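Okay, structure first, notes after.
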Amino acid sequence: MTTVLITGGAGFIGSHVAERFLAEGWAVHLLDNLVTGKRSNIPAGATFHELDIRDAASAELIATLRPDVLVHLAAQMDVRKSVTDPMFDAQTNIVGSLNLLEAIRAHSPKTRVVFSSTGGAIYGDFTTPPNVETFEKNPESPYGIAKYAVELYLAYYGRVHGVESAVVRFGNVYGPRQDPHGEAGVVAIFCARLLEGRPVTVYGDGLQTRDYVYVGDVADVTWRAATAALPPVGQLDARAFNVGTGIATDVLRLATVLSAAAGVSVPVEHAPERPGEQRTSYLDIAKASQLLGWRPQVSLEEGLARSYAWFAERHAAAGTEQK
Ligand SMILES: NC(=O)c1ccc[n+]([C@@H]2O[C@H](COP(=O)([O-])OP(=O)(O)OC[C@H]3O[C@@H](n4cnc5c(N)ncnc54)[C@H](O)[C@@H]3O)[C@@H](O)[C@H]2O)c1
């Protein structure tokens with residue numbers, strides 16, 4: 001049986017990736033310290049290891065398990081927190097990742113690593129979207145710098161030590177089980193406001209754009225990156241794939257589509273623009289389409305409807321518990 005170890009497997013994206021591998025009949029192991037992940041996210045059939053990626057025990061697990069694939073999703077994933085505490089961000093996102101990669105090099109060199117990078121924070125503000133994988137990288141936050149650093153390490157481990165890897169650079173991922181702190185946190189925040197019948201807050205003119213991609217599509221591309229034939233190891237971007245829809249969606253449109261999906265209308269409040277916020281960001285996804293045979297299947301309308309339904313169910317369950 002083929003084995004996958006998914007770090008961050010009790011998290012939002014990790015739990016959907018776990019379901020995808022389980023559906024393919026793999027032995028699925030999850031590693032998570034539950035800092036933001038939840039036990040309730042762990043799908044039936046997966047084996048759970050409550051560990052921290054920075055600890056020696058995580059390296060030992062890799063040495064014992066020697067998985068066919070390591071999907072590395074565990075991270076400090078709050079961009080704003082990386083700005084206030086760059087040391088903590090680097091300890092988790094760079095040093096924690098290196099702990100795993102060193103274990104792979106020393107004990108499990110045949111494992112393919114699939115790493116979740118960012119298609120938003122890595123390119124910075126100096127490019128004209130849609131961003132192509134080979135565009136210059138100018139990350140504007142310690143979070144983006146850490147993702148970039150791990151990509152560089154992976155390219156090095158590939159060239160020098162023969163470690164197989166692929167990098168998936170996610171846009172703004174949304175869907176059931178997401179929380180408000182991620183790059184697409186706005187979807188979770190707006191859903192909560194709609195359920196409470198309160199106004200949604202839009203910073204600045206609301207015309208800043210992002211590339212929103214549904215979590216089921218993200219799980220599918222991760223599975224493909226773990227199993228497809230990959231181009232030869234080479235420069236940094238050789239095995240990197242943008243993961244988005246190729247569509248720029250502004251915050252006002254997001255609010256409109258979500259309100260329609262929810263069948264609820266609330267006022268939009270404008271707050272001052274947030275300093276340093278990226279204005280336009282969306283991705284060219286031709287490479288993932290050509291080399292991994294992947295295309296996003298879920299439209300924004302459908303994805304937001306599924307997300308709202310999940311939040312509404314959770315809201316109703318919490319209301320019943322309080323009674
Ligand atoms: N959500 C997005 O829009 C988005 C966009 C681009 C990239 N990503 C990346 O995708 C990955 C998954 O993000 P997510 O949105 O599912 O967030 P998430 O917080 O739900 O998942 C991260 C998981 O990692 C775990 N974790 C954190 N630190 C750990 C540590 N030291 N040891 C072990 N486990 C630890 C958390 O408990 C959590 O379960 C992250 O690497 C993130 O940077 C997410």
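For the structure tokens, the naming scheme is as follows: chains receive sequential letters (A, B, ...) according to their order of presentation, residues are indexed from 1 within each chain, and ligands are indexed from 1 in presentation order.
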Inset, instruction - Just the strand (DSSP E or B) stuff from segment 121-297 of chain A, please, per backbone DSSP, written as number ranges by chain. - result: A: 131, 165-170, 172-174, 200-203, 209-210, 212-214, 240-243, 249-250, 268-271, 283
Write the residues of the selection above to a file with C-alpha atoms, as a PDB file, in the first residue's frame.
```
ATOM      1  CA  ASN A 131       1.584  35.995 -12.217  1.00  0.00           C
ATOM      2  CA  SER A 165       9.704  17.500  -4.849  1.00  0.00           C
ATOM      3  CA  ALA A 166       6.921  19.629  -6.256  1.00  0.00           C
ATOM      4  CA  VAL A 167       5.752  23.027  -5.038  1.00  0.00           C
ATOM      5  CA  VAL A 168       2.101  24.056  -5.187  1.00  0.00           C
ATOM      6  CA  ARG A 169       1.679  27.841  -4.893  1.00  0.00           C
ATOM      7  CA  PHE A 170      -1.870  28.329  -3.666  1.00  0.00           C
ATOM      8  CA  ASN A 172      -6.610  32.307  -1.696  1.00  0.00           C
ATOM      9  CA  VAL A 173      -8.102  28.995  -0.637  1.00  0.00           C
ATOM     10  CA  TYR A 174     -11.655  28.934   0.697  1.00  0.00           C
ATOM     11  CA  VAL A 200     -19.748  43.322   6.043  1.00  0.00           C
ATOM     12  CA  THR A 201     -16.665  45.535   6.292  1.00  0.00           C
ATOM     13  CA  VAL A 202     -14.674  46.324   3.161  1.00  0.00           C
ATOM     14  CA  TYR A 203     -11.277  48.047   3.434  1.00  0.00           C
ATOM     15  CA  THR A 209      -8.468  41.577  -6.213  1.00  0.00           C
ATOM     16  CA  ARG A 210      -7.411  38.053  -5.276  1.00  0.00           C
ATOM     17  CA  TYR A 212      -9.987  32.566  -4.859  1.00  0.00           C
ATOM     18  CA  VAL A 213      -9.728  28.801  -5.333  1.00  0.00           C
ATOM     19  CA  TYR A 214     -11.990  26.150  -3.823  1.00  0.00           C
ATOM     20  CA  ALA A 240       6.467  24.944  -9.024  1.00  0.00           C
ATOM     21  CA  PHE A 241       2.791  25.166  -9.987  1.00  0.00           C
ATOM     22  CA  ASN A 242       0.434  28.087  -9.491  1.00  0.00           C
ATOM     23  CA  VAL A 243      -2.921  26.964  -8.102  1.00  0.00           C
ATOM     24  CA  THR A 249     -12.167  38.684  -7.987  1.00  0.00           C
ATOM     25  CA  ASP A 250     -12.558  41.921  -6.068  1.00  0.00           C
ATOM     26  CA  VAL A 268     -21.481  46.981   3.047  1.00  0.00           C
ATOM     27  CA  GLU A 269     -19.454  49.252   5.354  1.00  0.00           C
ATOM     28  CA  HIS A 270     -16.234  50.854   4.152  1.00  0.00           C
ATOM     29  CA  ALA A 271     -13.226  51.172   6.484  1.00  0.00           C
ATOM     30  CA  LEU A 283      -2.403  33.630 -11.133  1.00  0.00           C
TER      31      LEU A 283
END
```
Legend entry - Within 7 Å of ligand 1, counting only C-alpha atoms and all ligand atoms, residues as number ranges by chain: A: 7-14, 31-38, 51-54, 73-77, 92, 96, 116-119, 169-174, 178-179, 182-184
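With only C-alpha atoms taken into account, the protein and nucleic acid residues at most 10 Å from Asp220 of chain A (excluding it and anything under 2 positions from it in its own chain) are His16, Val17, Arg20, Phe21, Val215, Gly216, Asp217, Val218, Thr222, Trp223, Arg224, Ala225, Ala226, Trp294, Arg295, Pro296 and Gln297 of chain A.
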Inset, instruction - For segment 311-315 of chain A, please output as an MDAnalysis selection string all residues within 12 Å (counting only C-alpha atoms; exclusion window: fewer than 4 positions along the same chain). - result: chainID A and resid 174:180 187:196 261:264 304:307 319:322
Legend entry - Which of segment 209-321 of chain A DSSP labels helix (DSSP H, G or I), written as an NGL selection string: :A and (215-227 or 236-239 or 251-262 or 286-292 or 300-321)
Could I get the residues of segment 173-289 of chain A with an atom no further than 10 Å from an atom of segment 139-143 of chain A, each paired with its nearest atom pair and that distance in Å to one decimal, using only C-alpha atoms, sorted by chain and residue number, as CSV?
```
residue,atom,partner,partner_atom,distance
A:Gly276,CA,A:Glu140,CA,8.5
A:Glu277,CA,A:Glu140,CA,9.6
A:Gln278,CA,A:Glu140,CA,9.1
```
Dump N, CA and C atoms for the selected residues as a PDB file, in the first residue's frame?
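The result, written out as part_5.pdb:
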```pdb
ATOM      1  N   GLY A 276      -0.058  48.706   3.105  1.00  0.00           N
ATOM      2  CA  GLY A 276       0.739  47.548   2.680  1.00  0.00           C
ATOM      3  C   GLY A 276      -0.083  46.454   2.027  1.00  0.00           C
ATOM      4  N   GLU A 277      -1.393  46.639   1.925  1.00  0.00           N
ATOM      5  CA  GLU A 277      -2.199  45.573   1.317  1.00  0.00           C
ATOM      6  C   GLU A 277      -1.982  45.541  -0.195  1.00  0.00           C
ATOM      7  N   GLN A 278      -1.758  44.321  -0.717  1.00  0.00           N
ATOM      8  CA  GLN A 278      -1.556  44.153  -2.154  1.00  0.00           C
ATOM      9  C   GLN A 278      -2.828  44.570  -2.904  1.00  0.00           C
TER      10      GLN A 278
END
```
Legend entry - Residue neighbourhood Ile104 of chain A, 7 Å, only C-alpha atoms, exclusion window fewer than 5 positions, as a list in words: Ile62, Pro109 and Thr111 of chain A
Inset, instruction - May I ask which of the residues A:Glu50, A:Asp78, A:Glu151, A:Glu136 is the closest one to Leu101 of chain A, counting only C-alpha atoms? - result: A:Glu151
Within 9 Å of Arg159 of chain A, counting only C-alpha atoms, which residues qualify if same-chain residues fewer than 5 places away don't, as an mmCIF file with C-alpha atoms, in the first residue's frame?
```cif
data_model
loop_
_atom_site.group_PDB
_atom_site.id
_atom_site.type_symbol
_atom_site.label_atom_id
_atom_site.label_comp_id
_atom_site.auth_asym_id
_atom_site.auth_seq_id
_atom_site.Cartn_x
_atom_site.Cartn_y
_atom_site.Cartn_z
ATOM 1 C CA LEU A 154 13.768 22.117 -1.984
ATOM 2 C CA VAL A 233 14.828 19.108 -11.470
ATOM 3 C CA GLY A 234 16.364 22.419 -12.423
ATOM 4 C CA GLN A 235 16.038 26.020 -11.429
#
```
Inset, instruction - Could you check how far atom CA of Ser97 of chain A sits from atom CA of Asn138 of chain A, in Å to one decimal? - result: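 That distance, rounded to one decimal, is 20.8 Å.
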Legend entry - Of the listed residues A:Thr64, A:Thr3, A:Ser289, A:Gln91, that which approaches Glu24 of chain A most closely, counting only C-alpha atoms: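 So, comparing all the options, the nearest one is A:Thr3.
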